[in-house]
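This is my_file-v1.csv (CSV, C-alpha atoms).
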chain,number,residue,atom,x,y,z
A,1,MET,CA,0.0,0.0,0.0
A,2,ILE,CA,1.3,3.5,-0.9
A,3,THR,CA,1.6,5.9,2.0
A,4,VAL,CA,1.0,9.6,1.1
A,5,PRO,CA,3.7,11.8,2.7
A,6,GLN,CA,2.3,14.0,5.5
A,7,SER,CA,4.3,16.9,3.9
A,8,PHE,CA,2.2,16.5,0.7
A,9,LEU,CA,-1.0,16.5,2.6
A,10,ARG,CA,0.0,19.7,4.5
A,11,PHE,CA,0.9,21.3,1.2
A,12,SER,CA,-2.4,20.3,-0.3
A,13,GLY,CA,-4.2,21.6,2.8
A,14,TRP,CA,-2.5,25.1,2.4
A,15,MET,CA,-3.4,25.1,-1.3
A,16,LEU,CA,-7.1,24.4,-0.5
A,17,LEU,CA,-7.2,26.8,2.4
A,18,LEU,CA,-5.8,29.8,0.4
A,19,ALA,CA,-7.7,28.8,-2.8
A,20,GLY,CA,-11.0,28.9,-1.0
A,21,VAL,CA,-10.4,32.4,0.4
A,22,ILE,CA,-9.0,33.8,-2.9
A,23,ILE,CA,-11.8,32.4,-5.1
A,24,GLY,CA,-14.5,33.3,-2.5
A,25,ILE,CA,-13.3,36.9,-2.5
A,26,VAL,CA,-13.1,37.1,-6.3
A,27,GLN,CA,-16.6,35.7,-6.7
A,28,ALA,CA,-18.0,38.2,-4.3
A,29,VAL,CA,-16.5,41.2,-6.2
A,30,HIS,CA,-16.8,39.7,-9.6
A,31,LEU,CA,-18.2,42.2,-12.2
A,32,GLU,CA,-20.6,41.2,-15.0
A,33,ASP,CA,-18.9,39.9,-18.2
A,34,ILE,CA,-19.6,43.2,-20.0
A,35,PRO,CA,-19.8,46.8,-18.7
A,36,ALA,CA,-23.3,48.1,-17.8
A,37,GLY,CA,-22.5,51.5,-19.5
A,38,MET,CA,-19.8,54.1,-20.1
A,39,GLU,CA,-19.8,55.0,-16.4
A,40,GLU,CA,-18.0,51.7,-15.6
A,41,MET,CA,-15.2,52.1,-18.2
A,42,SER,CA,-12.9,54.0,-15.8
A,43,TYR,CA,-12.4,50.8,-13.8
A,44,PHE,CA,-14.0,47.9,-15.6
A,45,VAL,CA,-11.0,46.5,-17.5
A,46,ASP,CA,-8.6,46.8,-14.5
A,47,VAL,CA,-11.0,45.1,-12.2
A,48,ALA,CA,-11.9,42.4,-14.7
A,49,VAL,CA,-8.3,41.6,-15.5
A,50,TRP,CA,-7.0,41.5,-11.9
A,51,THR,CA,-9.9,39.6,-10.5
A,52,HIS,CA,-9.4,37.0,-13.2
A,53,ILE,CA,-5.7,36.8,-12.6
A,54,ALA,CA,-6.5,36.1,-8.9
A,55,LEU,CA,-9.2,33.6,-10.1
A,56,TYR,CA,-6.6,31.9,-12.3
A,57,ILE,CA,-4.2,31.5,-9.4
A,58,GLY,CA,-6.9,30.4,-7.0
A,59,ILE,CA,-8.3,27.7,-9.3
A,60,THR,CA,-4.8,26.4,-10.0
A,61,MET,CA,-4.1,26.1,-6.2
A,62,LEU,CA,-7.5,24.5,-5.7
A,63,LEU,CA,-6.8,21.8,-8.3
A,64,MET,CA,-3.4,21.1,-6.7
A,65,GLY,CA,-5.0,20.8,-3.3
A,66,LEU,CA,-7.9,18.6,-4.3
A,67,ALA,CA,-5.4,15.8,-5.1
A,68,GLY,CA,-4.4,15.7,-1.4
A,69,LEU,CA,-7.9,15.8,-0.2
A,70,TYR,CA,-8.9,12.7,-2.2
A,71,LEU,CA,-5.7,10.8,-1.5
A,72,ARG,CA,-6.2,11.4,2.2
A,73,GLN,CA,-9.3,9.3,2.0
A,74,ALA,CA,-8.4,7.1,-1.0
A,75,HIS,CA,-9.0,3.7,0.6
A,76,ALA,CA,-12.4,4.7,1.9
A,77,LEU,CA,-13.9,6.4,-1.2
A,78,LYS,CA,-16.2,4.5,-3.5
A,79,TRP,CA,-15.7,4.5,-7.3
A,80,TRP,CA,-18.3,7.2,-7.7
A,81,GLY,CA,-16.4,9.4,-5.2
A,82,TRP,CA,-13.5,9.4,-7.6
A,83,ILE,CA,-15.8,10.4,-10.5
A,84,SER,CA,-16.6,13.5,-8.5
A,85,TYR,CA,-12.9,14.4,-8.6
A,86,GLY,CA,-12.9,14.2,-12.4
A,87,PHE,CA,-16.1,16.2,-12.7
A,88,ILE,CA,-14.8,19.0,-10.5
A,89,PHE,CA,-11.4,19.0,-12.2
A,90,PHE,CA,-12.9,19.3,-15.6
A,91,ALA,CA,-15.3,22.1,-14.7
A,92,TYR,CA,-12.6,24.2,-13.2
A,93,MET,CA,-10.3,23.6,-16.2
A,94,VAL,CA,-13.0,25.0,-18.4
A,95,ASP,CA,-13.5,27.9,-16.1
A,96,LEU,CA,-9.8,28.7,-16.5
A,97,THR,CA,-10.3,29.3,-20.2
A,98,HIS,CA,-13.1,31.8,-19.4
A,99,ALA,CA,-10.6,33.6,-17.1
A,100,ALA,CA,-8.0,33.7,-19.8
A,101,ILE,CA,-10.3,35.5,-22.2
A,102,GLN,CA,-10.8,38.3,-19.7
A,103,ILE,CA,-7.1,38.5,-18.8
A,104,PHE,CA,-5.7,38.6,-22.4
A,105,ASP,CA,-8.6,39.9,-24.6
A,106,TYR,CA,-10.3,42.6,-22.5
A,107,PRO,CA,-7.4,45.1,-22.5
A,108,VAL,CA,-7.6,44.8,-26.3
A,109,LEU,CA,-11.3,44.7,-26.9
A,110,PHE,CA,-12.1,47.5,-24.5
A,111,ALA,CA,-9.1,49.7,-25.4
A,112,ASP,CA,-9.9,53.4,-26.3
A,113,ILE,CA,-13.7,53.1,-25.9
A,114,GLN,CA,-15.1,56.6,-26.2
A,115,THR,CA,-18.8,56.1,-27.2
A,116,GLU,CA,-21.7,53.9,-26.5
A,117,GLU,CA,-21.5,52.5,-30.0
A,118,GLN,CA,-17.9,51.4,-29.5
A,119,LEU,CA,-18.9,49.9,-26.2
A,120,LYS,CA,-21.7,47.9,-27.7
A,121,ALA,CA,-19.5,46.6,-30.5
A,122,ALA,CA,-16.9,45.4,-28.0
A,123,SER,CA,-19.5,43.9,-25.7
A,124,ASP,CA,-21.2,42.1,-28.6
A,125,ALA,CA,-17.8,40.6,-29.6
A,126,VAL,CA,-17.3,39.3,-26.0
A,127,LEU,CA,-20.8,37.8,-25.9
A,128,LYS,CA,-20.2,36.2,-29.3
A,129,VAL,CA,-17.1,34.5,-28.2
A,130,GLN,CA,-18.7,33.2,-25.0
A,131,MET,CA,-22.2,32.4,-26.2
A,132,SER,CA,-21.9,31.5,-29.9
A,133,ASP,CA,-22.4,28.0,-31.1
A,134,GLY,CA,-19.3,25.9,-31.1
A,135,PRO,CA,-17.2,23.6,-28.9
A,136,GLY,CA,-16.3,26.4,-26.5
A,137,SER,CA,-19.9,27.2,-25.7
A,138,MET,CA,-20.7,23.4,-25.4
A,139,LEU,CA,-17.9,23.0,-22.9
A,140,MET,CA,-19.2,25.9,-20.8
A,141,ALA,CA,-22.8,24.5,-21.0
A,142,VAL,CA,-21.5,21.1,-19.7
A,143,ALA,CA,-19.1,22.5,-17.1
A,144,TYR,CA,-21.6,24.0,-14.6
A,145,PRO,CA,-23.9,20.9,-14.3
A,146,MET,CA,-20.7,18.8,-13.9
A,147,LEU,CA,-19.5,21.1,-11.1
A,148,LEU,CA,-22.8,20.8,-9.2
A,149,LEU,CA,-22.9,17.0,-9.7
A,150,GLY,CA,-19.3,16.7,-8.7
A,151,ALA,CA,-19.7,18.7,-5.6
A,152,LEU,CA,-22.8,16.6,-4.6
A,153,LEU,CA,-21.0,13.3,-5.2
A,154,MET,CA,-17.9,14.6,-3.4
A,155,SER,CA,-19.9,15.6,-0.3
A,156,ILE,CA,-21.8,12.3,-0.1
A,157,SER,CA,-18.7,10.2,-0.7
A,158,MET,CA,-16.7,12.0,2.0
A,159,LEU,CA,-19.6,11.7,4.4
A,160,ARG,CA,-19.6,7.9,3.8
A,161,ALA,CA,-15.8,7.7,4.1
A,162,LYS,CA,-16.0,9.0,7.7
A,163,LEU,CA,-12.3,9.8,7.8
A,164,LEU,CA,-12.6,13.6,8.2
A,165,THR,CA,-15.2,15.6,10.1
A,166,LYS,CA,-18.6,15.5,8.5
A,167,TRP,CA,-19.4,19.2,8.9
A,168,PRO,CA,-17.7,20.6,5.7
A,169,ALA,CA,-19.5,18.0,3.6
A,170,ILE,CA,-22.9,18.9,5.3
A,171,MET,CA,-22.2,22.6,4.8
A,172,ASN,CA,-21.5,21.9,1.1
A,173,LEU,CA,-24.8,20.1,0.7
A,174,VAL,CA,-26.6,23.0,2.3
A,175,PHE,CA,-25.0,25.5,-0.1
A,176,LEU,CA,-25.9,23.3,-3.0
A,177,PHE,CA,-29.6,23.3,-1.9
A,178,PHE,CA,-29.7,27.1,-1.6
A,179,MET,CA,-28.1,27.4,-5.1
A,180,PHE,CA,-31.4,26.3,-6.6
A,181,LEU,CA,-33.5,28.8,-4.8
A,182,PRO,CA,-34.5,32.0,-6.7
A,183,TYR,CA,-32.8,34.5,-4.5
A,184,GLY,CA,-31.2,36.6,-7.3
A,185,PRO,CA,-28.2,38.6,-6.1
A,186,VAL,CA,-28.1,36.7,-2.8
A,187,THR,CA,-27.2,33.5,-4.7
A,188,LYS,CA,-24.0,35.2,-5.9
A,189,TYR,CA,-22.8,35.6,-2.4
A,190,LEU,CA,-23.9,32.1,-1.4
A,191,PHE,CA,-21.8,30.8,-4.3
A,192,ALA,CA,-18.8,32.9,-3.0
A,193,LEU,CA,-19.2,31.6,0.5
A,194,SER,CA,-19.4,28.0,-0.7
A,195,PHE,CA,-15.7,28.1,-1.5
A,196,LEU,CA,-15.0,28.3,2.3
A,197,VAL,CA,-15.8,24.6,2.4
A,198,TYR,CA,-12.5,24.0,0.5
A,199,SER,CA,-10.7,26.3,3.0
A,200,TRP,CA,-12.2,24.2,5.8
A,201,TYR,CA,-11.0,20.9,4.3
A,202,GLY,CA,-7.7,22.6,3.7
A,203,ALA,CA,-7.3,23.6,7.3
A,204,ILE,CA,-8.0,20.0,8.3
A,205,LEU,CA,-5.2,18.7,6.1
A,206,ALA,CA,-2.8,21.5,6.9
A,207,PHE,CA,-3.1,21.2,10.7
A,208,GLU,CA,-4.2,17.7,11.5
A,209,LYS,CA,-1.7,15.5,13.4
A,210,ARG,CA,-1.4,12.0,12.0
A,211,THR,CA,0.7,9.1,13.1
A,212,GLN,CA,2.6,7.5,10.3
A,213,PRO,CA,2.1,3.8,10.1
A,214,GLN,CA,5.0,1.9,11.6
A,215,ILE,CA,6.7,-0.6,9.3
A,216,PRO,CA,7.7,-3.7,11.3
A,217,ALA,CA,11.4,-4.6,11.2
A,218,VAL,CA,12.3,-7.8,9.4
A,219,THR,CA,14.8,-10.1,11.1
A,220,HIS,CA,16.5,-13.2,9.7
A,221,GLY,CA,16.7,-16.4,11.6
A,222,ALA,CA,15.1,-17.0,14.9
A,223,PRO,CA,13.1,-14.2,16.5
A,224,ILE,CA,14.8,-12.2,19.2
A,225,VAL,CA,13.1,-12.7,22.6
Starting from the file, lay out its structure as structure tokens.
Amino acid sequence: MITVPQSFLRFSGWMLLLAGVIIGIVQAVHLEDIPAGMEEMSYFVDVAVWTHIALYIGITMLLMGLAGLYLRQAHALKWWGWISYGFIFFAYMVDLTHAAIQIFDYPVLFADIQTEEQLKAASDAVLKVQMSDGPGSMLMAVAYPMLLLGALLMSISMLRAKLLTKWPAIMNLVFLFFMFLPYGPVTKYLFALSFLVYSWYGAILAFEKRTQPQIPAVTHGAPIV
């Protein structure tokens, strides 16, 4: 049986802890994908670019940390628990492409906007890239349901594994329930708060004290008594 080094689990824990905080803050201050009007142009591009740089970093840290969270419970997870890892990983990889568009394209698309007509043309170009028919839009359409299903399976599988405290998984299930309620703007902040579940799991991995299994010594000949 392979033993996962405690140092790797602590590293994964810190990645999850920091990622949950970073992504939660970004989601709370996240602007709409296009400016609401010319009055936003003085800050829109800077906010969009830097929040998505932070999101890019946060998601990368999250994906690194998830490996440790699953390996910590590897022998107790069912096969469908591992599927949840694949679903979550895929969904966030797709989201990274969305972040890249705003980081690299927005400074070009929204450069030197002076009129409402120019703003509309740039906004239409953004929406066309994100919403037009094609493999990109299909991936985005699939990613969100996969993220929800992955989070659901993850929570249930970790509850059944019974190796870590049950409360982060229960909190995640509560957040998932509220995501489907028509609360409008409130849902945005609930989504942001849901990332604190990863921070909670991260804190467990980062600070828990585990006793490494002892490997019995092998002696040759008669046992020493």
Per residue of segment 94-183 of chain A within 9 Å of segment 69-73 of chain A, which atom pair is closest and at what distance in Å (one decimal), using only C-alpha atoms, listed by chain and increasing number, as JSON lines?
{"residue": "A:Met158", "atom": "CA", "partner": "A:Gln73", "partner_atom": "CA", "distance": 7.9}
{"residue": "A:Ala161", "atom": "CA", "partner": "A:Gln73", "partner_atom": "CA", "distance": 7.0}
{"residue": "A:Lys162", "atom": "CA", "partner": "A:Gln73", "partner_atom": "CA", "distance": 8.8}
{"residue": "A:Leu163", "atom": "CA", "partner": "A:Gln73", "partner_atom": "CA", "distance": 6.5}
{"residue": "A:Leu164", "atom": "CA", "partner": "A:Gln73", "partner_atom": "CA", "distance": 8.2}
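Between atom CA of Phe44 of chain A and atom CA of Tyr56 of chain A the separation is 17.9 Å.
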Checklist entry - For the point (-3.2, 10.5, -2.6) in file coordinates, what residues are within 12 Å, counting only C-alpha atoms? Give the answer as a list of chain:residue names? => result A:Met1, A:Ile2, A:Thr3, A:Val4, A:Pro5, A:Gln6, A:Ser7, A:Phe8, A:Leu9, A:Ser12, A:Met64, A:Gly65, A:Leu66, A:Ala67, A:Gly68, A:Leu69, A:Tyr70, A:Leu71, A:Arg72, A:Gln73, A:Ala74, A:His75, A:Ala76, A:Leu77, A:Trp82
Next on the checklist: What's the separation between atom CA of Leu18 of chain A and atom CA of Phe207 of chain A, in Å to one decimal place?
Outcome noted: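 Calculated distance between atom CA of Leu18 of chain A and atom CA of Phe207 of chain A is 13.7 Å.
When all atoms listed in the file are used to compute distances to Leu149 of chain A, the closest of the residues A:Glu116, A:Tyr189, A:Asn172, A:Ala99 turns out to be A:Asn172.
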Item to check | Spatial neighbours of Ala203 of chain A, max dist 12 Å, all atoms listed in the file, sep filter under 4 positions, as a ChimeraX atom specification | outcome: /A:9-21,65,69,164-165,168,196-199,207-209
Item to check | Atom-to-atom span, atom CA of Leu159 of chain A and atom CA of Leu193 of chain A, Å | outcome: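 Those two atoms sit 20.3 Å apart.
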Next on the checklist: Which residues are close to segment 103-106 of chain A, i.e. within 7 Å by all atoms listed in the file, leaving aside same-chain residues fewer than 6 positions away? Reply as a list in words.
Outcome noted: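 In the requested format, the answer is Val45, Val49, His52 and Ile53 of chain A.
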Next on the checklist: If we count all atoms listed in the file and set the cut-off at 7 Å, which residues sit around segment 119-122 of chain A, ignoring sequence neighbours fewer than 5 positions away in its own chain? Please answer as a PyMOL selection string.
Outcome noted: chain A and resi 109-110+113
Item to check | Spatial neighbours of Ala143 of chain A, max dist 7 Å, only C-alpha atoms, sep filter under 4 positions, as a list of chain:residue names | outcome: A:Ala91, A:Val94, A:Leu139, A:Leu147
Checklist entry - What's the 9 Å shell around Lys188 of chain A, counting all atoms listed in the file, without same-chain residues fewer than 5 positions away, as a VMD selection string? => result chain A and resid 27 to 28 179 183 193
Item to check | Nearest candidate to Met93 of chain A (options A:Ile22, A:Leu205, A:Leu173, A:Leu62; using only C-alpha atoms) | outcome: A:Leu62
Checklist entry - Which of these, A:Val26, A:Ile88, A:Ile156, A:Ala48, has the shortest distance to Tyr144 of chain A once you count only C-alpha atoms? => result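 Looking only at the distances to Tyr144 of chain A, the closest residue turns out to be A:Ile88.
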